[in-house]
>>> print(open('final-v5.cif').read())   # mmCIF, N, CA and C atoms
data_coords
#
loop_
_atom_site.label_atom_id
_atom_site.label_comp_id
_atom_site.auth_asym_id
_atom_site.auth_seq_id
_atom_site.Cartn_x
_atom_site.Cartn_y
_atom_site.Cartn_z
N MET A 789 32.29 2.84 36.14
CA MET A 789 31.90 1.65 36.86
C MET A 789 30.50 1.24 36.44
N ASN A 790 30.23 -0.03 36.36
CA ASN A 790 28.94 -0.60 35.99
C ASN A 790 27.92 -0.31 37.07
N PRO A 791 26.65 0.01 36.69
CA PRO A 791 25.62 0.26 37.70
C PRO A 791 25.39 -0.94 38.61
N ASN A 792 25.79 -2.13 38.18
CA ASN A 792 25.64 -3.32 39.03
C ASN A 792 26.63 -3.32 40.17
N GLY A 793 27.64 -2.45 40.10
CA GLY A 793 28.63 -2.34 41.17
C GLY A 793 29.64 -3.48 41.18
N ASP A 794 29.81 -4.15 40.03
CA ASP A 794 30.73 -5.29 40.02
C ASP A 794 32.12 -4.93 39.49
N GLY A 795 32.40 -3.65 39.33
CA GLY A 795 33.75 -3.23 38.95
C GLY A 795 33.98 -3.20 37.45
N ARG A 796 33.08 -3.75 36.65
CA ARG A 796 33.24 -3.72 35.19
C ARG A 796 32.90 -2.32 34.68
N PRO A 797 33.44 -1.91 33.54
CA PRO A 797 33.10 -0.59 33.00
C PRO A 797 31.62 -0.57 32.59
N ALA A 798 31.01 0.60 32.67
CA ALA A 798 29.60 0.75 32.31
C ALA A 798 29.42 0.48 30.82
N LEU A 799 28.37 -0.25 30.48
CA LEU A 799 28.08 -0.57 29.09
C LEU A 799 27.20 0.51 28.48
N ARG A 800 27.37 0.72 27.21
CA ARG A 800 26.56 1.71 26.50
C ARG A 800 25.14 1.17 26.30
N ASP A 801 24.17 2.05 26.33
CA ASP A 801 22.77 1.68 26.13
C ASP A 801 22.58 1.22 24.69
N PRO A 802 22.19 -0.04 24.46
CA PRO A 802 22.04 -0.53 23.09
C PRO A 802 20.88 0.12 22.34
N PHE A 803 19.95 0.74 23.07
CA PHE A 803 18.81 1.39 22.44
C PHE A 803 19.03 2.90 22.28
N GLU A 804 20.27 3.35 22.45
CA GLU A 804 20.57 4.77 22.29
C GLU A 804 20.22 5.18 20.86
N GLY A 805 19.47 6.23 20.72
CA GLY A 805 19.05 6.71 19.40
C GLY A 805 17.81 6.02 18.87
N PHE A 806 17.28 5.07 19.62
CA PHE A 806 16.10 4.31 19.18
C PHE A 806 14.90 5.23 18.97
N ALA A 807 14.66 6.12 19.91
CA ALA A 807 13.52 7.03 19.82
C ALA A 807 13.65 7.92 18.58
N ARG A 808 14.86 8.39 18.32
CA ARG A 808 15.08 9.23 17.14
C ARG A 808 14.86 8.42 15.86
N ASP A 809 15.27 7.17 15.86
CA ASP A 809 15.08 6.33 14.67
C ASP A 809 13.61 6.07 14.39
N LEU A 810 12.77 6.10 15.42
CA LEU A 810 11.34 5.89 15.23
C LEU A 810 10.61 7.18 14.87
N ASP A 811 11.27 8.30 14.99
CA ASP A 811 10.66 9.59 14.68
C ASP A 811 10.61 9.76 13.16
N TYR A 812 9.41 9.96 12.65
CA TYR A 812 9.20 10.07 11.20
C TYR A 812 10.09 11.13 10.57
N TRP A 813 10.27 12.25 11.24
CA TRP A 813 10.99 13.38 10.66
C TRP A 813 12.50 13.20 10.71
N HIS A 814 12.99 12.27 11.53
CA HIS A 814 14.43 12.08 11.64
C HIS A 814 14.89 10.70 11.20
N ALA A 815 13.96 9.80 10.91
CA ALA A 815 14.32 8.44 10.54
C ALA A 815 15.13 8.42 9.25
N SER A 816 16.11 7.57 9.23
CA SER A 816 16.94 7.42 8.04
C SER A 816 16.25 6.46 7.07
N GLY A 817 16.38 6.72 5.81
CA GLY A 817 15.81 5.84 4.80
C GLY A 817 16.76 4.73 4.40
N ASP A 818 17.91 4.66 5.07
CA ASP A 818 18.90 3.65 4.71
C ASP A 818 18.41 2.25 5.06
N THR A 819 18.77 1.31 4.23
CA THR A 819 18.47 -0.09 4.51
C THR A 819 19.77 -0.87 4.58
N VAL A 820 19.70 -2.00 5.22
CA VAL A 820 20.88 -2.84 5.37
C VAL A 820 20.53 -4.24 4.90
N SER A 821 21.36 -4.81 4.06
CA SER A 821 21.16 -6.18 3.62
C SER A 821 21.80 -7.11 4.65
N VAL A 822 21.06 -8.13 5.01
CA VAL A 822 21.56 -9.09 5.98
C VAL A 822 21.62 -10.45 5.30
N PRO A 823 22.82 -11.03 5.16
CA PRO A 823 22.90 -12.35 4.52
C PRO A 823 22.26 -13.41 5.42
N THR A 824 21.57 -14.34 4.80
CA THR A 824 20.94 -15.42 5.57
C THR A 824 21.84 -16.65 5.55
N PRO A 825 21.75 -17.46 6.58
CA PRO A 825 22.59 -18.65 6.63
C PRO A 825 22.26 -19.64 5.52
N ALA A 826 23.23 -20.44 5.17
CA ALA A 826 23.01 -21.49 4.16
C ALA A 826 21.92 -22.43 4.65
N GLY A 827 21.09 -22.87 3.71
CA GLY A 827 20.00 -23.77 4.06
C GLY A 827 18.68 -23.07 4.27
N THR A 828 18.68 -21.73 4.21
CA THR A 828 17.43 -21.00 4.43
C THR A 828 16.86 -20.45 3.12
N GLU A 829 17.41 -20.90 2.00
CA GLU A 829 16.98 -20.37 0.71
C GLU A 829 15.51 -20.64 0.43
N MET A 830 14.98 -21.75 0.92
CA MET A 830 13.60 -22.12 0.64
C MET A 830 12.61 -21.59 1.69
N VAL A 831 13.12 -20.94 2.73
CA VAL A 831 12.25 -20.41 3.78
C VAL A 831 11.63 -19.11 3.28
N GLU A 832 10.37 -18.89 3.61
CA GLU A 832 9.67 -17.69 3.17
C GLU A 832 10.39 -16.44 3.68
N PRO A 833 10.53 -15.42 2.84
CA PRO A 833 11.22 -14.19 3.26
C PRO A 833 10.56 -13.53 4.47
N ASP A 834 9.24 -13.57 4.56
CA ASP A 834 8.55 -12.94 5.70
C ASP A 834 8.94 -13.63 7.00
N ARG A 835 9.05 -14.94 6.96
CA ARG A 835 9.43 -15.67 8.17
C ARG A 835 10.88 -15.35 8.55
N LEU A 836 11.76 -15.31 7.56
CA LEU A 836 13.16 -14.96 7.84
C LEU A 836 13.26 -13.55 8.43
N ARG A 837 12.50 -12.61 7.87
CA ARG A 837 12.52 -11.24 8.37
C ARG A 837 12.03 -11.20 9.82
N PHE A 838 10.96 -11.93 10.12
CA PHE A 838 10.42 -11.97 11.47
C PHE A 838 11.47 -12.55 12.44
N GLU A 839 12.11 -13.63 12.05
CA GLU A 839 13.13 -14.24 12.91
C GLU A 839 14.32 -13.32 13.10
N LEU A 840 14.68 -12.60 12.07
CA LEU A 840 15.78 -11.63 12.18
C LEU A 840 15.41 -10.52 13.17
N TYR A 841 14.23 -9.96 13.02
CA TYR A 841 13.79 -8.89 13.92
C TYR A 841 13.73 -9.36 15.37
N THR A 842 13.14 -10.53 15.59
CA THR A 842 13.03 -11.00 16.97
C THR A 842 14.41 -11.33 17.54
N GLY A 843 15.29 -11.89 16.72
CA GLY A 843 16.64 -12.18 17.19
C GLY A 843 17.41 -10.93 17.54
N LEU A 844 17.31 -9.92 16.67
CA LEU A 844 17.98 -8.65 16.95
C LEU A 844 17.42 -7.99 18.21
N PHE A 845 16.10 -8.03 18.36
CA PHE A 845 15.49 -7.44 19.55
C PHE A 845 15.94 -8.17 20.81
N ALA A 846 16.03 -9.50 20.73
CA ALA A 846 16.50 -10.28 21.89
C ALA A 846 17.94 -9.90 22.24
N LEU A 847 18.79 -9.74 21.24
CA LEU A 847 20.18 -9.33 21.50
C LEU A 847 20.24 -7.94 22.15
N LEU A 848 19.41 -7.02 21.65
CA LEU A 848 19.40 -5.67 22.21
C LEU A 848 18.89 -5.67 23.66
N THR A 849 17.83 -6.44 23.93
CA THR A 849 17.31 -6.46 25.30
C THR A 849 18.29 -7.15 26.24
N ASP A 850 19.01 -8.17 25.76
CA ASP A 850 20.04 -8.80 26.59
C ASP A 850 21.14 -7.79 26.93
N ALA A 851 21.55 -7.01 25.92
CA ALA A 851 22.58 -6.00 26.16
C ALA A 851 22.05 -4.92 27.10
N LEU A 852 20.78 -4.57 26.97
CA LEU A 852 20.19 -3.58 27.86
C LEU A 852 20.16 -4.11 29.29
N ALA A 853 19.84 -5.38 29.45
CA ALA A 853 19.79 -5.98 30.79
C ALA A 853 21.16 -5.91 31.46
N GLU A 854 22.22 -6.03 30.67
CA GLU A 854 23.57 -5.95 31.23
C GLU A 854 23.96 -4.51 31.57
N SER A 855 23.32 -3.54 30.90
CA SER A 855 23.74 -2.16 31.10
C SER A 855 22.96 -1.44 32.20
N VAL A 856 21.87 -2.02 32.68
CA VAL A 856 21.09 -1.37 33.74
C VAL A 856 21.41 -2.00 35.08
N GLY A 857 21.04 -1.29 36.17
CA GLY A 857 21.42 -1.74 37.50
C GLY A 857 20.52 -2.81 38.11
N SER A 858 19.23 -2.81 37.77
CA SER A 858 18.33 -3.75 38.43
C SER A 858 17.22 -4.17 37.49
N ASP A 859 16.45 -5.18 37.94
CA ASP A 859 15.32 -5.65 37.15
C ASP A 859 14.26 -4.55 37.02
N GLN A 860 14.11 -3.74 38.07
CA GLN A 860 13.14 -2.65 38.01
C GLN A 860 13.54 -1.62 36.96
N ASP A 861 14.85 -1.31 36.90
CA ASP A 861 15.34 -0.38 35.88
C ASP A 861 15.12 -0.96 34.48
N LEU A 862 15.37 -2.26 34.34
CA LEU A 862 15.18 -2.93 33.05
C LEU A 862 13.71 -2.88 32.65
N GLU A 863 12.83 -3.18 33.58
CA GLU A 863 11.39 -3.15 33.29
C GLU A 863 10.94 -1.74 32.92
N ARG A 864 11.42 -0.74 33.66
CA ARG A 864 11.06 0.64 33.37
C ARG A 864 11.55 1.05 31.98
N ARG A 865 12.78 0.68 31.68
CA ARG A 865 13.38 1.04 30.38
C ARG A 865 12.65 0.35 29.23
N LEU A 866 12.35 -0.95 29.39
CA LEU A 866 11.66 -1.68 28.33
C LEU A 866 10.23 -1.15 28.16
N SER A 867 9.58 -0.77 29.25
CA SER A 867 8.24 -0.18 29.16
C SER A 867 8.28 1.13 28.38
N ALA A 868 9.30 1.93 28.63
CA ALA A 868 9.45 3.20 27.90
C ALA A 868 9.68 2.93 26.41
N LEU A 869 10.50 1.93 26.11
CA LEU A 869 10.75 1.58 24.71
C LEU A 869 9.48 1.07 24.04
N LEU A 870 8.73 0.25 24.74
CA LEU A 870 7.48 -0.26 24.20
C LEU A 870 6.51 0.90 23.92
N GLY A 871 6.47 1.87 24.83
CA GLY A 871 5.63 3.04 24.62
C GLY A 871 6.02 3.79 23.36
N ARG A 872 7.33 3.89 23.10
CA ARG A 872 7.82 4.55 21.89
C ARG A 872 7.34 3.81 20.64
N VAL A 873 7.46 2.49 20.67
CA VAL A 873 7.03 1.69 19.52
C VAL A 873 5.53 1.84 19.32
N GLN A 874 4.77 1.80 20.41
CA GLN A 874 3.32 1.93 20.30
C GLN A 874 2.91 3.32 19.81
N SER A 875 3.72 4.32 20.09
CA SER A 875 3.38 5.68 19.62
C SER A 875 3.53 5.79 18.11
N VAL A 876 4.29 4.90 17.50
CA VAL A 876 4.48 4.93 16.05
C VAL A 876 3.33 4.23 15.34
N GLU A 877 2.60 3.38 16.04
CA GLU A 877 1.55 2.57 15.43
C GLU A 877 0.53 3.39 14.63
N PRO A 878 0.00 4.52 15.16
CA PRO A 878 -0.97 5.28 14.36
C PRO A 878 -0.39 5.75 13.03
N THR A 879 0.88 6.15 13.02
CA THR A 879 1.51 6.59 11.78
C THR A 879 1.59 5.43 10.80
N LEU A 880 1.96 4.25 11.31
CA LEU A 880 2.04 3.08 10.43
C LEU A 880 0.66 2.71 9.91
N ARG A 881 -0.36 2.80 10.76
CA ARG A 881 -1.72 2.50 10.31
C ARG A 881 -2.17 3.48 9.23
N PHE A 882 -1.86 4.76 9.41
CA PHE A 882 -2.21 5.76 8.41
C PHE A 882 -1.51 5.46 7.09
N ASP A 883 -0.22 5.13 7.17
CA ASP A 883 0.54 4.82 5.96
C ASP A 883 -0.05 3.60 5.27
N LEU A 884 -0.42 2.59 6.06
CA LEU A 884 -1.04 1.40 5.50
C LEU A 884 -2.37 1.74 4.83
N PHE A 885 -3.16 2.62 5.47
CA PHE A 885 -4.43 3.06 4.91
C PHE A 885 -4.19 3.77 3.57
N GLU A 886 -3.18 4.64 3.52
CA GLU A 886 -2.86 5.35 2.29
C GLU A 886 -2.44 4.39 1.18
N LYS A 887 -1.60 3.43 1.53
CA LYS A 887 -1.15 2.44 0.54
C LYS A 887 -2.33 1.61 0.04
N LYS A 888 -3.23 1.25 0.95
CA LYS A 888 -4.42 0.48 0.57
C LYS A 888 -5.26 1.29 -0.42
N GLY A 889 -5.42 2.59 -0.15
CA GLY A 889 -6.18 3.46 -1.05
C GLY A 889 -5.53 3.53 -2.43
N GLN A 890 -4.21 3.63 -2.46
CA GLN A 890 -3.50 3.67 -3.74
C GLN A 890 -3.69 2.37 -4.51
N VAL A 891 -3.60 1.25 -3.80
CA VAL A 891 -3.79 -0.05 -4.45
C VAL A 891 -5.21 -0.16 -5.02
N GLU A 892 -6.20 0.27 -4.24
CA GLU A 892 -7.59 0.21 -4.71
C GLU A 892 -7.79 1.10 -5.94
N ARG A 893 -7.20 2.30 -5.93
CA ARG A 893 -7.34 3.19 -7.10
C ARG A 893 -6.66 2.57 -8.32
N THR A 894 -5.48 2.01 -8.12
CA THR A 894 -4.76 1.38 -9.23
C THR A 894 -5.56 0.20 -9.78
N GLU A 895 -6.15 -0.58 -8.88
CA GLU A 895 -6.95 -1.72 -9.31
C GLU A 895 -8.17 -1.26 -10.10
N MET A 896 -8.83 -0.19 -9.64
CA MET A 896 -10.00 0.33 -10.34
C MET A 896 -9.62 0.83 -11.73
N VAL A 897 -8.51 1.57 -11.83
CA VAL A 897 -8.05 2.05 -13.12
C VAL A 897 -7.73 0.88 -14.03
N SER A 898 -7.10 -0.14 -13.49
CA SER A 898 -6.75 -1.32 -14.27
C SER A 898 -8.01 -2.03 -14.79
N ARG A 899 -9.01 -2.16 -13.92
CA ARG A 899 -10.26 -2.80 -14.35
C ARG A 899 -10.95 -1.98 -15.44
N MET A 900 -10.97 -0.65 -15.25
CA MET A 900 -11.60 0.20 -16.25
C MET A 900 -10.86 0.13 -17.58
N ARG A 901 -9.55 0.08 -17.50
CA ARG A 901 -8.74 -0.05 -18.72
C ARG A 901 -9.03 -1.39 -19.40
N GLY A 902 -9.16 -2.44 -18.59
CA GLY A 902 -9.51 -3.75 -19.14
C GLY A 902 -10.85 -3.73 -19.84
N ARG A 903 -11.82 -3.04 -19.23
CA ARG A 903 -13.14 -2.92 -19.86
C ARG A 903 -13.06 -2.11 -21.15
N ASP A 904 -12.26 -1.05 -21.13
CA ASP A 904 -12.04 -0.25 -22.33
C ASP A 904 -11.51 -1.11 -23.47
N ILE A 905 -10.50 -1.90 -23.15
CA ILE A 905 -9.89 -2.76 -24.15
C ILE A 905 -10.90 -3.78 -24.67
N ALA A 906 -11.67 -4.37 -23.74
CA ALA A 906 -12.66 -5.37 -24.14
C ALA A 906 -13.72 -4.75 -25.05
N VAL A 907 -14.21 -3.55 -24.71
CA VAL A 907 -15.22 -2.88 -25.54
C VAL A 907 -14.64 -2.58 -26.91
N THR A 908 -13.40 -2.11 -26.93
CA THR A 908 -12.77 -1.79 -28.20
C THR A 908 -12.60 -3.03 -29.06
N GLN A 909 -12.09 -4.09 -28.48
CA GLN A 909 -11.81 -5.29 -29.25
C GLN A 909 -13.07 -6.07 -29.61
N GLU A 910 -14.02 -6.12 -28.72
CA GLU A 910 -15.18 -6.98 -28.93
C GLU A 910 -16.36 -6.28 -29.61
N TRP A 911 -16.41 -4.94 -29.53
CA TRP A 911 -17.56 -4.26 -30.13
C TRP A 911 -17.15 -3.20 -31.14
N MET A 912 -16.26 -2.29 -30.76
CA MET A 912 -15.94 -1.16 -31.63
C MET A 912 -15.23 -1.58 -32.91
N ILE A 913 -14.22 -2.41 -32.79
CA ILE A 913 -13.45 -2.79 -33.98
C ILE A 913 -14.32 -3.59 -34.96
N PRO A 914 -15.08 -4.60 -34.49
CA PRO A 914 -15.97 -5.28 -35.44
C PRO A 914 -16.99 -4.33 -36.08
N ARG A 915 -17.53 -3.40 -35.29
CA ARG A 915 -18.50 -2.44 -35.82
C ARG A 915 -17.85 -1.53 -36.86
N LEU A 916 -16.64 -1.06 -36.59
CA LEU A 916 -15.93 -0.23 -37.57
C LEU A 916 -15.65 -1.00 -38.85
N ARG A 917 -15.31 -2.26 -38.73
CA ARG A 917 -15.05 -3.09 -39.93
C ARG A 917 -16.33 -3.21 -40.76
N GLU A 918 -17.48 -3.41 -40.09
CA GLU A 918 -18.76 -3.49 -40.81
C GLU A 918 -19.06 -2.17 -41.52
N ASP A 919 -18.88 -1.07 -40.79
CA ASP A 919 -19.13 0.25 -41.39
C ASP A 919 -18.21 0.50 -42.59
N MET A 920 -16.93 0.13 -42.44
CA MET A 920 -15.99 0.32 -43.54
C MET A 920 -16.37 -0.53 -44.74
N ALA A 921 -16.84 -1.73 -44.48
CA ALA A 921 -17.28 -2.60 -45.59
C ALA A 921 -18.48 -1.98 -46.29
N ALA A 922 -19.43 -1.42 -45.52
CA ALA A 922 -20.60 -0.77 -46.12
C ALA A 922 -20.18 0.44 -46.96
N TYR A 923 -19.25 1.27 -46.44
CA TYR A 923 -18.79 2.43 -47.20
C TYR A 923 -18.05 2.01 -48.46
N ARG A 924 -17.27 0.95 -48.37
CA ARG A 924 -16.55 0.46 -49.55
C ARG A 924 -17.56 0.00 -50.62
N ALA A 925 -18.62 -0.67 -50.15
CA ALA A 925 -19.65 -1.11 -51.09
C ALA A 925 -20.32 0.09 -51.75
N ARG A 926 -20.61 1.14 -50.99
CA ARG A 926 -21.23 2.35 -51.54
C ARG A 926 -20.30 3.03 -52.54
N ILE A 927 -19.00 3.11 -52.17
CA ILE A 927 -18.01 3.73 -53.06
C ILE A 927 -17.94 2.94 -54.36
N HIS A 928 -17.91 1.63 -54.23
CA HIS A 928 -17.84 0.77 -55.42
C HIS A 928 -19.08 0.99 -56.29
N ALA A 929 -20.26 1.07 -55.64
CA ALA A 929 -21.50 1.29 -56.40
C ALA A 929 -21.48 2.64 -57.08
N LEU A 930 -21.02 3.68 -56.39
CA LEU A 930 -20.94 5.01 -56.99
C LEU A 930 -19.95 5.05 -58.15
N GLN A 931 -18.83 4.35 -58.01
CA GLN A 931 -17.85 4.31 -59.09
C GLN A 931 -18.45 3.62 -60.33
N GLU A 932 -19.24 2.57 -60.13
CA GLU A 932 -19.88 1.89 -61.26
C GLU A 932 -20.87 2.82 -61.96
N VAL A 933 -21.64 3.57 -61.14
CA VAL A 933 -22.59 4.51 -61.73
C VAL A 933 -21.86 5.58 -62.51
N LEU A 934 -20.77 6.10 -61.95
CA LEU A 934 -19.99 7.14 -62.63
C LEU A 934 -19.39 6.62 -63.94
N GLU A 935 -19.00 5.37 -63.96
CA GLU A 935 -18.41 4.80 -65.16
C GLU A 935 -19.48 4.62 -66.27
N ASP A 936 -20.72 4.40 -65.86
CA ASP A 936 -21.78 4.20 -66.82
C ASP A 936 -22.31 5.53 -67.40
N LEU A 937 -22.02 6.64 -66.80
CA LEU A 937 -22.46 7.95 -67.28
C LEU A 937 -21.69 8.32 -68.55
N PRO A 938 -22.40 8.95 -69.48
CA PRO A 938 -21.67 9.39 -70.67
C PRO A 938 -20.74 10.56 -70.33
N ALA A 939 -19.65 10.58 -70.98
CA ALA A 939 -18.65 11.57 -70.70
C ALA A 939 -18.93 12.89 -71.28
#
>>> encode(input="final-v5.cif", output="structure tokens")
Amino acid sequence: MNPNGDGRPALRDPFEGFARDLDYWHASGDTVSVPTPAGTEMVEPDRLRFELYTGLFALLTDALAESVGSDQDLERRLSALLGRVQSVEPTLRFDLFEKKGQVERTEMVSRMRGRDIAVTQEWMIPRLREDMAAYRARIHALQEVLEDLPA
């Protein structure tokens, strides 16, 4: 029987397993592709993702509202769910911090590599060409001297 006492069968909690899904050690790495409606091809992906998340959350909270007995139960349950989401925030912030550090290191390596290439192309290669030309001139001069020597 439904907790509302209206004779309908009790509905399953739509957030069942939600806490486990938010747990870093038990979360699944699976992703799901969601087709977007026709006409949304030009909409930014971030906006579509946000609308999808909010729509799914609205559907879940509507289903939760139907499965609980009162507004107080709904408020208590949603508060508990919000607490779960907020408990994940530090982990997400740490992950974001780590990713930011990786991006900064990659950018620094890229800049240093760019400077390496610039130094090589703009200074080292021209300098080596000059040195090679000087050595070729010396070799040519030595060969002329050797040719002039009596055998």
>>> select_by_dssp(input="final-v5.cif", residues="chain A", states="helix (DSSP H, G or I)", output="number ranges by chain")
A: 806-810, 833-855, 859-936
>>> atom_distance(input="final-v5.cif", atom1="atom N of Pro833 of chain A", atom2="atom CA of Leu848 of chain A")
23.4 Å
>>> closest_atom_pairs(input="final-v5.cif", of="segment 837-935 of chain A", to="segment 810-822 of chain A", cutoff="8 Å", atoms="all atoms listed in the file", output="JSON lines")
{"residue": "A:Arg872", "atom": "C", "partner": "A:Leu810", "partner_atom": "CA", "distance": 7.0}
{"residue": "A:Val873", "atom": "CA", "partner": "A:Leu810", "partner_atom": "CA", "distance": 7.4}
{"residue": "A:Ser875", "atom": "C", "partner": "A:Leu810", "partner_atom": "C", "distance": 7.9}
{"residue": "A:Val876", "atom": "CA", "partner": "A:Leu810", "partner_atom": "C", "distance": 6.6}
>>> residues_around(input="final-v5.cif", residues="segment 838-843 of chain A", least_positions_apart="4", cutoff="12 Å", atoms="only C-alpha atoms", output="ChimeraX atom specification")
/A:821-825,828,831-834,847-850
>>> atom_distance(input="final-v5.cif", atom1="atom CA of Arg864 of chain A", atom2="atom CA of Ala807 of chain A")
15.2 Å
>>> atom_distance(input="final-v5.cif", atom1="atom C of Ser858 of chain A", atom2="atom C of Leu799 of chain A")
14.2 Å
>>> axis_aligned_box(input="final-v5.cif", around="segment 798-809 of chain A", padding_each_side="8 Å", output="AutoDock Vina command-line options")
--center_x 22.3 --center_y 4.3 --center_z 23.5 --size_x 33.5 --size_y 25.8 --size_z 34.3
>>> closest_residue(input="final-v5.cif", among="A:Pro914, A:Pro878, A:Gly827, A:Pro802", to="Ser855 of chain A", atoms="all atoms listed in the file")
A:Pro802
